[in-house]
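*Asks:* Sharing data.txt, compact mmCIF, C-alpha atoms:
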```
# COMPACT_ATOMS: atom_id res chain seq x y z
CA MET A 1 0.00 0.00 0.00
CA THR A 2 1.34 3.43 -0.88
CA HIS A 3 2.26 5.65 2.01
CA ALA A 4 -0.63 7.97 2.72
CA SER A 5 -0.18 11.61 3.31
CA SER A 6 -1.24 11.16 6.91
CA ASP A 7 -0.72 8.06 9.04
CA ASN A 8 -1.39 6.98 12.58
CA THR A 9 1.58 8.95 13.89
CA GLY A 10 0.64 12.09 12.07
CA SER A 11 4.11 12.44 10.61
CA SER A 12 3.09 14.22 7.42
CA VAL A 13 0.45 16.53 6.16
CA ASP A 14 -1.88 16.35 3.19
CA PRO A 15 -0.10 18.14 0.31
CA ASP A 16 -3.39 18.81 -1.44
CA ALA A 17 -4.85 20.64 1.55
CA PRO A 18 -5.17 24.38 0.98
CA SER A 19 -2.50 26.37 2.76
CA THR A 20 -3.62 28.69 5.54
CA LEU A 21 -2.16 32.08 6.39
CA ASP A 22 -0.22 32.13 9.63
CA LEU A 23 -0.46 35.77 10.63
CA GLY A 24 2.17 35.45 13.32
CA ARG A 25 4.68 33.93 10.90
CA HIS A 26 3.74 36.46 8.21
CA PHE A 27 4.40 39.37 10.57
CA ARG A 28 7.74 37.84 11.53
CA ASP A 29 8.62 37.59 7.83
CA LEU A 30 7.60 41.22 7.37
CA ARG A 31 9.79 42.24 10.29
CA GLY A 32 12.72 40.51 8.62
CA VAL A 33 12.39 42.65 5.47
CA THR A 34 11.50 45.92 7.19
CA LEU A 35 14.93 47.49 6.75
CA PRO A 36 15.32 46.98 2.95
CA ALA A 37 11.67 47.89 2.39
CA LEU A 38 12.11 51.04 4.47
CA LEU A 39 15.21 52.03 2.49
CA VAL A 40 13.30 51.67 -0.79
CA ALA A 41 10.33 53.60 0.61
CA VAL A 42 12.56 56.45 1.86
CA VAL A 43 14.22 56.77 -1.56
CA VAL A 44 10.86 56.86 -3.36
CA ALA A 45 9.44 59.34 -0.81
CA ALA A 46 12.47 61.61 -1.30
CA ILE A 47 11.95 61.53 -5.08
CA VAL A 48 8.24 62.31 -4.69
CA PHE A 49 9.03 65.15 -2.31
CA GLY A 50 11.54 66.65 -4.73
CA VAL A 51 9.23 66.39 -7.73
CA ARG A 52 6.20 67.78 -5.92
CA ALA A 53 8.17 70.58 -4.26
CA SER A 54 9.37 71.78 -7.67
CA ALA A 55 5.82 71.96 -9.09
CA PRO A 56 4.24 75.45 -9.40
CA ALA A 57 2.04 76.55 -6.53
CA GLN A 58 -1.73 76.68 -6.96
CA TRP A 59 -4.30 78.67 -4.98
CA SER A 60 -8.04 78.24 -4.58
CA ALA A 61 -10.98 80.61 -4.27
CA THR A 62 -14.54 79.78 -3.24
CA VAL A 63 -17.75 81.76 -3.69
CA SER A 64 -21.30 80.90 -2.62
CA ALA A 65 -24.29 81.89 -4.75
CA ASN A 66 -28.03 81.72 -4.26
CA ALA A 67 -30.43 80.54 -6.98
CA GLN A 68 -33.69 82.52 -6.89
CA THR A 69 -36.63 83.10 -9.21
CA SER A 70 -37.80 86.40 -10.66
CA THR A 71 -41.09 86.18 -8.79
CA ALA A 72 -41.12 88.72 -6.02
CA ALA A 73 -40.13 87.41 -2.56
CA THR A 74 -39.75 83.91 -3.92
CA THR A 75 -36.24 82.59 -3.44
CA ALA A 76 -34.74 79.16 -3.35
CA ALA A 77 -33.98 79.57 0.33
CA SER A 78 -37.68 80.08 1.12
CA THR A 79 -38.90 77.02 -0.79
CA ASP A 80 -38.69 73.39 0.16
CA SER A 81 -35.57 71.33 -0.57
CA THR A 82 -37.09 69.70 -3.66
CA SER A 83 -37.89 73.04 -5.29
CA ALA A 84 -34.45 74.34 -4.34
CA ALA A 85 -32.80 71.32 -5.96
CA LEU A 86 -34.78 72.00 -9.14
CA LEU A 87 -33.41 75.54 -9.19
CA THR A 88 -29.74 74.63 -8.61
CA ALA A 89 -29.60 71.49 -10.77
CA PRO A 90 -29.36 73.40 -14.09
CA TYR A 91 -26.38 75.42 -12.82
CA VAL A 92 -24.55 72.28 -11.64
CA ALA A 93 -25.04 70.83 -15.12
CA LEU A 94 -23.83 74.05 -16.76
CA GLY A 95 -20.68 73.86 -14.63
CA THR A 96 -19.57 70.84 -16.65
CA ASP A 97 -20.61 72.19 -20.06
CA THR A 98 -17.60 72.83 -22.29
CA GLY A 99 -19.19 75.89 -23.94
CA VAL A 100 -19.99 77.51 -20.60
CA LEU A 101 -16.51 76.82 -19.23
CA HIS A 102 -15.02 78.33 -22.38
CA ASP A 103 -17.15 81.47 -21.89
CA ILE A 104 -15.95 81.77 -18.27
CA VAL A 105 -12.28 81.46 -19.23
CA ALA A 106 -12.66 83.92 -22.13
CA ALA A 107 -14.46 86.52 -19.98
CA ALA A 108 -11.88 86.18 -17.18
CA ARG A 109 -9.03 86.41 -19.73
CA VAL A 110 -7.00 83.48 -18.40
CA PRO A 111 -4.95 81.25 -20.75
CA TRP A 112 -6.68 78.00 -19.91
CA SER A 113 -7.65 75.25 -22.29
CA ASP A 114 -11.06 73.63 -22.05
CA ALA A 115 -9.56 70.58 -20.35
CA LYS A 116 -7.72 72.71 -17.78
CA ALA A 117 -10.86 74.75 -17.14
CA ARG A 118 -12.83 71.56 -16.52
CA SER A 119 -10.25 70.36 -13.96
CA ARG A 120 -9.94 73.74 -12.20
CA ILE A 121 -13.57 74.96 -12.03
CA THR A 122 -15.99 72.99 -9.84
CA VAL A 123 -19.68 73.76 -9.29
CA THR A 124 -21.49 71.82 -6.55
CA ASP A 125 -24.59 72.10 -4.38
CA GLY A 126 -24.06 73.76 -1.03
CA GLN A 127 -25.02 72.33 2.33
CA THR A 128 -28.09 74.59 2.44
CA PRO A 129 -30.80 73.90 -0.18
CA GLY A 130 -30.72 76.49 -2.94
CA LEU A 131 -27.09 77.42 -2.42
CA LEU A 132 -24.40 76.81 -5.01
CA VAL A 133 -20.64 76.60 -4.30
CA VAL A 134 -18.18 77.56 -7.03
CA GLN A 135 -14.55 76.58 -6.36
CA VAL A 136 -11.68 77.57 -8.65
CA VAL A 137 -8.00 76.60 -8.53
CA GLY A 138 -5.68 79.16 -10.09
CA ASP A 139 -2.02 79.99 -10.46
CA SER A 140 -2.44 82.81 -7.95
CA ALA A 141 -4.98 83.86 -5.35
CA GLY A 142 -6.06 86.83 -7.48
CA GLN A 143 -6.53 84.74 -10.60
CA ALA A 144 -8.60 82.16 -8.73
CA ALA A 145 -10.82 84.88 -7.22
CA ALA A 146 -11.34 86.57 -10.58
CA VAL A 147 -12.33 83.35 -12.30
CA ALA A 148 -14.69 82.41 -9.44
CA ARG A 149 -16.40 85.80 -9.64
CA GLN A 150 -16.74 85.52 -13.41
CA ALA A 151 -18.07 81.97 -13.13
CA VAL A 152 -21.09 83.18 -11.14
CA VAL A 153 -21.81 85.91 -13.70
CA THR A 154 -21.48 83.57 -16.69
CA LEU A 155 -23.54 80.80 -15.09
CA ASP A 156 -26.28 83.34 -14.35
CA SER A 157 -26.37 84.82 -17.86
CA ASP A 158 -26.07 81.52 -19.74
CA GLY A 159 -28.55 79.80 -17.46
CA ARG A 160 -31.08 82.59 -17.75
CA ALA A 161 -30.74 82.73 -21.55
CA ARG A 162 -31.42 79.02 -21.86
CA ALA A 163 -34.32 79.21 -19.40
CA LEU A 164 -35.92 82.09 -21.34
CA GLN A 165 -35.74 80.06 -24.55
CA VAL A 166 -37.67 77.26 -22.89
CA ILE A 167 -40.13 79.71 -21.33
CA ALA A 168 -40.74 81.39 -24.67
CA ALA A 169 -41.64 78.11 -26.30
CA GLN A 170 -43.98 77.20 -23.44
CA SER A 171 -45.59 80.65 -23.42
CA THR A 172 -46.32 80.53 -27.14
CA GLN A 173 -48.20 77.28 -26.79
CA MET A 174 -50.07 78.44 -23.67
CA GLN A 175 -51.05 81.73 -25.36
CA ALA A 176 -52.48 79.79 -28.29
CA ASP A 177 -54.52 77.69 -25.88
CA ALA A 178 -55.72 80.82 -24.04
CA ALA A 179 -56.72 82.48 -27.31
CA ALA A 180 -58.77 79.43 -28.27
CA LEU A 181 -60.58 79.55 -24.89
CA ASN A 182 -61.27 83.25 -25.32
CA ASP A 183 -62.79 82.64 -28.74
CA GLN A 184 -65.13 80.05 -27.24
CA VAL A 185 -66.14 82.47 -24.47
CA GLN A 186 -66.92 85.23 -26.96
CA SER A 187 -69.02 82.88 -29.08
CA LEU A 188 -71.40 82.16 -26.19
CA SER A 189 -74.18 84.38 -25.02
CA VAL A 190 -74.03 86.05 -21.64
CA ARG A 191 -76.81 83.80 -20.30
CA ASP A 192 -75.19 80.58 -21.48
CA PRO A 193 -74.25 78.48 -18.40
CA LYS A 194 -71.07 77.24 -20.12
CA ARG A 195 -69.73 80.78 -20.46
CA ALA A 196 -68.84 81.12 -16.75
CA LEU A 197 -66.91 77.80 -16.76
CA LEU A 198 -64.93 78.75 -19.87
CA GLN A 199 -64.12 82.16 -18.40
CA THR A 200 -62.70 80.49 -15.32
CA GLN A 201 -60.51 78.21 -17.47
CA TYR A 202 -59.38 81.21 -19.52
CA GLN A 203 -58.34 83.16 -16.40
CA THR A 204 -56.47 80.13 -15.06
CA GLU A 205 -54.57 79.88 -18.35
CA LEU A 206 -53.58 83.54 -18.11
CA ASP A 207 -52.33 83.06 -14.54
CA GLN A 208 -50.21 80.08 -15.65
CA ILE A 209 -48.68 82.14 -18.45
CA SER A 210 -47.74 84.81 -15.94
CA GLN A 211 -46.13 82.26 -13.63
CA VAL A 212 -44.14 80.68 -16.44
CA ARG A 213 -42.80 84.04 -17.58
CA GLY A 214 -41.61 84.77 -14.04
CA SER A 215 -40.05 81.35 -13.46
CA ALA A 216 -36.65 82.20 -14.92
CA ALA A 217 -34.12 81.85 -12.08
CA ARG A 218 -31.22 84.15 -11.29
CA LEU A 219 -27.90 83.26 -9.68
CA VAL A 220 -26.72 85.86 -7.19
CA ALA A 221 -23.35 85.77 -5.43
CA LEU A 222 -23.74 86.08 -1.66
CA SER A 223 -20.24 87.51 -1.09
CA ASP A 224 -16.92 88.13 -2.75
CA PRO A 225 -14.79 85.04 -3.49
CA LEU A 226 -12.79 83.80 -0.52
CA ALA A 227 -9.22 82.93 -1.52
CA SER A 228 -7.07 80.42 0.37
CA GLY A 229 -4.42 81.84 2.68
CA SER A 230 -1.76 79.44 1.41
CA PRO A 231 -1.21 77.28 -1.68
CA VAL A 232 -3.47 74.25 -1.83
CA SER A 233 -1.13 72.42 -4.18
CA PRO A 234 1.43 71.01 -4.21
CA GLN A 235 1.78 69.54 -0.70
CA PRO A 236 5.10 67.71 -0.95
CA LEU A 237 5.22 66.61 2.68
CA ARG A 238 1.79 65.01 2.54
CA ASP A 239 2.46 63.36 -0.82
CA ALA A 240 5.87 62.08 0.33
CA ALA A 241 4.38 60.63 3.53
CA LEU A 242 1.67 58.87 1.53
CA ALA A 243 4.25 57.51 -0.92
CA LEU A 244 6.42 56.32 1.97
CA LEU A 245 3.55 54.38 3.53
CA VAL A 246 2.34 52.82 0.28
CA VAL A 247 5.79 51.86 -1.00
CA LEU A 248 6.80 50.47 2.39
CA ILE A 249 3.78 48.15 2.51
CA VAL A 250 4.00 47.06 -1.13
CA THR A 251 7.77 46.52 -1.05
CA ALA A 252 7.64 44.55 2.19
CA GLU A 253 4.91 42.27 0.86
CA LEU A 254 6.80 41.75 -2.41
CA LEU A 255 10.03 40.92 -0.58
CA VAL A 256 8.21 38.40 1.61
CA ALA A 257 6.53 36.83 -1.44
CA LEU A 258 9.77 36.65 -3.43
CA ARG A 259 12.03 35.79 -0.52
CA GLY A 260 13.80 32.48 -1.00
CA ARG A 261 12.99 32.08 -4.68
CA TRP A 262 16.54 32.94 -5.74
CA GLY A 263 19.97 32.14 -4.38
CA SER A 264 21.45 29.04 -2.78
CA ALA A 265 21.02 29.77 0.94
CA VAL A 266 18.33 27.93 2.86
CA SER A 267 15.54 30.17 4.17
CA PRO A 268 12.27 29.36 5.98
CA ALA A 269 10.20 30.54 3.00
CA TRP A 270 12.13 28.34 0.56
CA ALA A 271 12.06 25.34 2.91
CA ARG A 272 8.32 25.66 3.35
CA ARG A 273 7.69 25.77 -0.40
CA SER A 274 10.12 22.96 -1.12
CA ALA A 275 8.49 20.70 1.47
CA ARG A 276 5.06 21.38 0.01
CA LYS A 277 6.37 20.68 -3.50
CA HIS A 278 7.76 17.25 -2.56
CA ARG A 279 4.91 16.19 -0.25
CA ALA A 280 6.99 16.48 2.89
CA GLU A 281 6.11 18.01 6.23
CA PHE A 282 7.96 21.18 7.11
CA VAL A 283 8.89 21.60 10.78
CA ASP A 284 10.51 24.83 11.98
CA CYS A 285 12.94 23.87 14.75
CA THR A 286 14.64 27.24 15.09
CA ASP A 287 12.81 28.00 18.34
CA GLY A 288 15.17 26.09 20.65
CA PRO A 289 15.54 22.49 21.91
CA THR A 290 12.28 22.64 23.87
CA GLY A 291 10.30 24.46 21.19
CA PRO A 292 7.22 22.92 19.59
CA GLY A 293 9.08 22.09 16.37
CA ASN A 294 11.77 20.04 18.08
CA VAL A 295 9.22 18.32 20.27
CA ARG A 296 7.24 17.44 17.15
CA VAL A 297 10.21 15.87 15.35
CA GLU A 298 11.39 13.91 18.39
CA THR A 299 7.89 12.65 19.13
CA VAL A 300 7.32 11.43 15.57
CA VAL A 301 10.73 9.74 15.32
CA LEU A 302 10.42 7.99 18.70
CA SER A 303 6.91 6.82 17.77
CA ARG A 304 8.26 5.22 14.58
CA LEU A 305 11.20 3.59 16.37
CA ARG A 306 9.05 2.17 19.16
CA SER A 307 6.67 0.70 16.61
CA GLY A 308 9.58 -1.35 15.19
CA ALA A 309 10.16 0.78 12.08
CA ASP A 310 13.44 2.34 11.01
CA ALA A 311 13.95 6.04 10.34
CA LEU A 312 16.58 7.85 8.30
CA LEU A 313 18.41 11.00 9.31
CA LEU A 314 19.85 12.82 6.30
CA ARG A 315 22.18 15.70 7.02
CA SER A 316 24.63 17.83 5.11
CA SER A 317 28.32 17.58 5.93
CA VAL A 318 28.35 21.19 7.04
CA THR A 319 25.66 20.42 9.61
CA PRO A 320 26.85 19.43 13.11
CA ASP A 321 26.25 15.81 14.04
CA ALA A 322 23.07 14.55 15.58
CA SER A 323 24.45 14.64 19.12
CA SER A 324 24.05 18.43 19.09
CA SER A 325 20.44 18.31 17.88
CA VAL A 326 17.17 17.25 19.34
CA LEU A 327 17.54 13.86 17.62
CA ALA A 328 20.35 12.89 20.00
CA HIS A 329 17.82 11.53 22.46
CA ALA A 330 16.08 9.46 19.80
CA ALA A 331 19.39 8.12 18.52
CA GLN A 332 20.49 7.03 22.00
CA THR A 333 17.16 5.63 23.14
CA GLU A 334 16.64 1.86 23.24
CA SER A 335 13.40 1.31 21.36
CA ALA A 336 11.32 -1.60 22.55
CA GLY A 337 10.15 -2.27 19.01
CA GLY A 338 13.66 -2.67 17.65
CA GLY A 339 13.54 0.30 15.28
CA GLN A 340 16.75 2.16 14.50
CA LEU A 341 17.63 5.71 13.58
CA VAL A 342 20.11 5.44 10.71
CA GLU A 343 22.18 8.56 10.12
CA LEU A 344 23.46 9.08 6.57
CA SER A 345 25.45 11.87 5.01
CA ALA A 346 23.59 13.63 2.23
CA ASN A 347 26.83 14.20 0.35
CA ASN A 348 27.60 10.46 0.11
CA PHE A 349 25.64 7.87 -1.84
CA TRP A 350 22.88 7.58 0.75
CA TRP A 351 20.34 6.24 -1.76
CA ARG A 352 22.43 3.07 -2.10
CA SER A 353 22.02 2.22 1.60
CA SER A 354 19.86 -0.76 2.42
CA ALA A 355 18.36 1.29 5.22
CA LEU A 356 16.31 3.14 2.63
CA GLU A 357 14.31 -0.02 1.91
CA ARG A 358 13.43 -0.50 5.57
CA ALA A 359 12.74 3.12 6.51
CA THR A 360 9.21 4.38 6.94
CA LEU A 361 10.28 7.92 7.75
CA ALA A 362 13.14 10.21 6.72
CA VAL A 363 14.21 13.34 8.55
CA VAL A 364 16.04 15.79 6.26
CA VAL A 365 17.98 18.36 8.27
CA ALA A 366 18.33 21.80 6.70
CA ARG A 367 20.37 24.49 8.40
CA ARG A 368 19.13 28.03 7.95
CA GLY A 369 21.56 30.08 5.89
CA ALA A 370 23.53 27.08 4.60
CA ASP A 371 24.37 26.98 0.88
CA ASP A 372 23.00 23.51 0.23
CA ARG A 373 19.58 24.25 -1.14
CA GLY A 374 20.15 22.11 -4.23
CA ALA A 375 21.25 19.07 -2.23
CA ILE A 376 18.19 19.28 0.03
CA GLU A 377 15.93 19.62 -2.99
CA ASP A 378 17.46 16.45 -4.46
CA GLN A 379 16.99 14.59 -1.18
CA LEU A 380 13.31 15.48 -0.93
CA ALA A 381 12.73 14.58 -4.59
CA ALA A 382 14.47 11.22 -4.16
CA LEU A 383 12.48 10.40 -1.02
CA ALA A 384 9.24 11.28 -2.78
CA LEU A 385 10.22 9.01 -5.69
CA ALA A 386 11.02 6.20 -3.24
CA ASP A 387 7.67 6.78 -1.50
CA VAL A 388 9.25 7.49 1.88
CA PRO A 389 7.40 10.04 4.04
CA ALA A 390 9.73 12.90 4.93
CA LEU A 391 10.12 15.60 7.54
CA LEU A 392 12.07 18.69 6.51
CA MET A 393 13.63 19.88 9.77
CA LEU A 394 14.86 23.48 9.67
CA ILE A 395 17.43 24.29 12.37
CA GLU A 396 19.09 27.56 13.31
CA LYS A 397 22.21 29.02 11.74
CA ALA A 398 25.54 27.57 12.82
CA PRO A 399 28.33 29.69 14.35
CA ARG A 400 31.11 30.61 11.92
CA ALA A 401 33.59 28.21 13.56
CA ASP A 402 31.22 25.27 13.13
CA VAL A 403 30.62 26.11 9.49
CA LYS A 404 34.35 26.27 8.78
CA ARG A 405 34.99 22.98 10.58
CA GLY A 406 32.09 21.32 8.74
CA THR A 407 33.40 22.50 5.38
CA GLU A 408 36.85 21.01 6.06
CA GLN A 409 35.22 17.74 7.09
CA GLU A 410 33.20 17.73 3.85
CA SER A 411 36.37 18.03 1.76
CA ARG A 412 37.90 15.03 3.58
CA GLU A 413 34.80 12.79 3.53
CA THR A 414 33.35 13.40 0.07
CA PRO A 415 34.80 10.85 -2.40
CA ALA A 416 36.05 12.00 -5.78
CA GLU A 417 33.49 11.06 -8.42
CA PRO A 418 33.13 12.11 -12.04
CA ASP A 419 30.73 14.95 -12.69
CA SER A 420 27.39 13.29 -13.30
CA PRO A 421 23.81 13.89 -12.24
CA THR A 422 22.81 12.42 -8.90
CA PRO A 423 20.94 9.19 -9.65
CA ARG A 424 17.44 8.77 -8.34
CA PRO A 425 16.65 5.72 -6.17
CA PRO A 426 14.25 3.21 -7.66
CA ALA A 427 10.69 3.29 -6.57
CA ARG A 428 9.96 0.99 -3.67
CA ASN A 429 8.10 -2.23 -4.36
CA VAL A 430 5.03 -1.65 -2.31
CA SER A 431 1.72 -3.37 -2.51
CA ARG A 432 -1.31 -1.41 -3.60
CA ASP A 433 -4.67 -1.61 -1.92
```
How does the structure come out when it is put into structure tokens?

*Replies:*
Amino acid sequence: MTHASSDNTGSSVDPDAPSTLDLGRHFRDLRGVTLPALLVAVVVAAIVFGVRASAPAQWSATVSANAQTSTAATTAASTDSTSAALLTAPYVALGTDTGVLHDIVAAARVPWSDAKARSRITVTDGQTPGLLVVQVVGDSAGQAAAVARQAVVTLDSDGRARALQVIAAQSTQMQADAAALNDQVQSLSVRDPKRALLQTQYQTELDQISQVRGSAARLVALSDPLASGSPVSPQPLRDAALALLVVLIVTAELLVALRGRWGSAVSPAWARRSARKHRAEFVDCTDGPTGPGNVRVETVVLSRLRSGADALLLRSSVTPDASSSVLAHAAQTESAGGGQLVELSANNFWWRSSALERATLAVVVARRGADDRGAIEDQLAALALADVPALLMLIEKAPRADVKRGTEQESRETPAEPDSPTPRPPARNVSRD
């Protein structure tokens, strides 16, 4: 039967299970790349600050205007909010009309294109119903105030001209209707009961004509434009701070995502991906001899040995021997089941050992920072091909003296062989269910 991804000892995990986000580990990874990400963010923020600080200053001016009808004592402020919205809506629409904006710029005598006028002149409803707010951004406070003042005048004249055109068309039709009613009234005798009803309708039609003619609204500025006391743009400090924050977050996340994908040194991110790729269980044992990772490895190995099965320990030559690791206890423990922990050097021909045929678990030791990523990758691939469940055990960096001593030992122990690809062990003859 093929080794399942999870057995009674729980020594491996399901490789097809969706990975979950460990927030604690992710924040630790982010902390590890904070310095380079901060350096990149500071450089970008400095560039943004320099570019924005060199941009020409811009000022703003704001003026409030009231939309009111020509009817005496009838203003937008004295009507309900719905009627007020009907009065101000045409002016808001005119504020985006290219022809109207062109008239404003031409009357104010500023060298703005239609596109620039659209971006610098804003017409919105005020907080009070019936009020209109015109905001203009200019190259100086005086220019912005002049354009804002002219905007109210142009909006009033253009809006009134368009409203009068509509009113004239409506009045013509209503006058024709009133004339027809008057003709009917004159055709009836004074004693005809229908005459009084038609006279009432005729008078109502005249009243409606009078109301329509007086419905043209006017836009009146409530005060002179109020210019800003300081430039509103650019704000280099604000823009640089925003760029610093955004670039810091994006760069840190990118560094964490790309960390371990290049180079030859072993890193937790690379070890985690490599273990997932080769259906092995990754165990982080960099938290000390009594940490949960070391306890996990020792528990799984001892459980296999006590059940009578053998386990392999594969280590690189630059890694200290097992007596200095958590596996020392498992290696020195007499297992009642007769299982053995066989230690093999990854740099020798470990796949030729007969212990591989008897092993039901392999522990691959990877030292953080060691330049043996390729060898570990080959070990995990070979174990997956041989159908041996594997634990990838990541241990902490070695002191410089230990690394130097391990390198000298590697040069003495590694036999001279011709350059050839590392052979893969044959697949184990296992029965299938």

*Asks:* Which is closer to Ser60 in chain A than all the others in A:Ala180, A:Ala366, A:Ala141, A:Ala108, using only C-alpha atoms?

*Replies:*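 Answer, going by the shortest atom-to-atom distance: A:Ala141.
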
*Asks:* Using all atoms listed in the file, which residue out of A:Gln186, A:Ser307, A:Thr62, A:Gln235 lies closest to Val152 in chain A?

*Replies:*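 Going through A:Gln186, A:Ser307, A:Thr62, A:Gln235 one by one, the smallest distance to Val152 in chain A is for A:Thr62.
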
*Asks:* Please measure the separation of CA of Glu253 in chain A and CA of Val43 in chain A, giving the value in Å to one decimal.

*Replies:* 17.4 Å

*Asks:* Would you kindly return, as a PyMOL selection string, each protein, DNA or RNA residue with an atom no farther than 9 Å from any atom of Val33 in chain A, considering all atoms listed in the file and excluding same-chain residues fewer than 5 positions away?

*Replies:* chain A and resi 38+251-253+255-256

*Asks:* Could you check the closest approach to Asp387 in chain A for each of A:Val364, A:Ala280, A:Ala240, A:Val301 and tell me which residue wins, using only C-alpha atoms?

*Replies:*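 Among the listed residues, the smallest separation from Asp387 in chain A belongs to A:Ala280.
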
*Asks:* Would you mind telling me which residue in A:Met174, A:Ala275, A:Leu380, A:Val246 lies nearest to Val42 in chain A when using only C-alpha atoms?

*Replies:*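 The answer is A:Val246, which sits nearest to Val42 in chain A.
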
*Asks:* Between A:Ala37, A:Val100, A:Ala382, A:Ala53, which is the closest to Asp239 in chain A once you count all atoms listed in the file?

*Replies:*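 Closest residue, counting all atoms listed in the file: A:Ala53.
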
*Asks:* Separation of CA of Arg120 in chain A and CA of Ala106 in chain A, in Å?

*Replies:*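 The value is 14.5 Å.
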
*Asks:* Find the distance between CA of Leu341 in chain A and CA of Ala311 in chain A and write it in Å to one decimal.

*Replies:*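 Spanning CA of Leu341 in chain A to CA of Ala311 in chain A is a straight-line distance of 4.9 Å.
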
*Asks:* What residues have an atom no more than 12 Å from (-47.2, 77.1, -22.7) in the file's own frame, counting all atoms listed in the file, and can you write them as a list in words?

*Replies:*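 Result, sorted by chain then residue number: Gln165, Val166, Ile167, Ala168, Ala169, Gln170, Ser171, Thr172, Gln173, Met174, Gln175, Ala176, Asp177, Ala178, Ala179, Glu205, Leu206, Asp207, Gln208, Ile209, Ser210, Gln211, Val212 and Arg213 of chain A.
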
*Asks:* Would you pick out the contacts of range 354-363 of chain A at 8 Å or less, using only C-alpha atoms, so that residues sharing its chain but fewer than 2 positions from it are not included, and give the list as a list in words?

*Replies:* Val301, Arg304, Ala309, Asp310, Ala311, Leu312, Leu313, Leu314, Val342, Trp351, Arg352, Val365, Leu383, Val388, Pro389, Ala390, Leu391, Leu392, Met393 and Arg428 of chain A

*Asks:* Those same residues - C-alpha atoms - I'd like them written as a CSV table (one decimal), in the coordinates of the input.

*Replies:*
```csv
chain,number,residue,atom,x,y,z
A,301,VAL,CA,10.7,9.7,15.3
A,304,ARG,CA,8.3,5.2,14.6
A,309,ALA,CA,10.2,0.8,12.1
A,310,ASP,CA,13.4,2.3,11.0
A,311,ALA,CA,14.0,6.0,10.3
A,312,LEU,CA,16.6,7.8,8.3
A,313,LEU,CA,18.4,11.0,9.3
A,314,LEU,CA,19.8,12.8,6.3
A,342,VAL,CA,20.1,5.4,10.7
A,351,TRP,CA,20.3,6.2,-1.8
A,352,ARG,CA,22.4,3.1,-2.1
A,365,VAL,CA,18.0,18.4,8.3
A,383,LEU,CA,12.5,10.4,-1.0
A,388,VAL,CA,9.2,7.5,1.9
A,389,PRO,CA,7.4,10.0,4.0
A,390,ALA,CA,9.7,12.9,4.9
A,391,LEU,CA,10.1,15.6,7.5
A,392,LEU,CA,12.1,18.7,6.5
A,393,MET,CA,13.6,19.9,9.8
A,428,ARG,CA,10.0,1.0,-3.7
```

*Asks:* Using all atoms listed in the file, which protein or nucleic acid residues come within 8 Å of Leu87 in chain A? Drop anything in the same chain fewer than 5 positions from it, and give the result as a PDB file with C-alpha atoms, in the coordinates of the input.

*Replies:*
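Final file, around_6.pdb:
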```pdb
ATOM      1  CA  ALA A  67     -30.430  80.540  -6.980  1.00  0.00           C
ATOM      2  CA  GLN A  68     -33.690  82.520  -6.890  1.00  0.00           C
ATOM      3  CA  ALA A  76     -34.740  79.160  -3.350  1.00  0.00           C
ATOM      4  CA  GLY A 130     -30.720  76.490  -2.940  1.00  0.00           C
ATOM      5  CA  ALA A 217     -34.120  81.850 -12.080  1.00  0.00           C
TER       6      ALA A 217
END
```

*Asks:* Can you report as lines of an AutoDock Vina configuration file the centre and edge lengths in Å, to one decimal, of an axis-aligned box around the listed atoms of range 289-300 of chain A padded with 8 Å on each side?

*Replies:*
```
center_x = 11.4
center_y = 17.9
center_z = 19.6
size_x = 24.3
size_y = 29.0
size_z = 24.5
```

*Asks:* With all atoms listed in the file as the basis for distance, which of A:Pro90, A:Gly142, A:Gly159, A:Gly95 is at the shortest distance from Gly229 in chain A?

*Replies:* A:Gly142
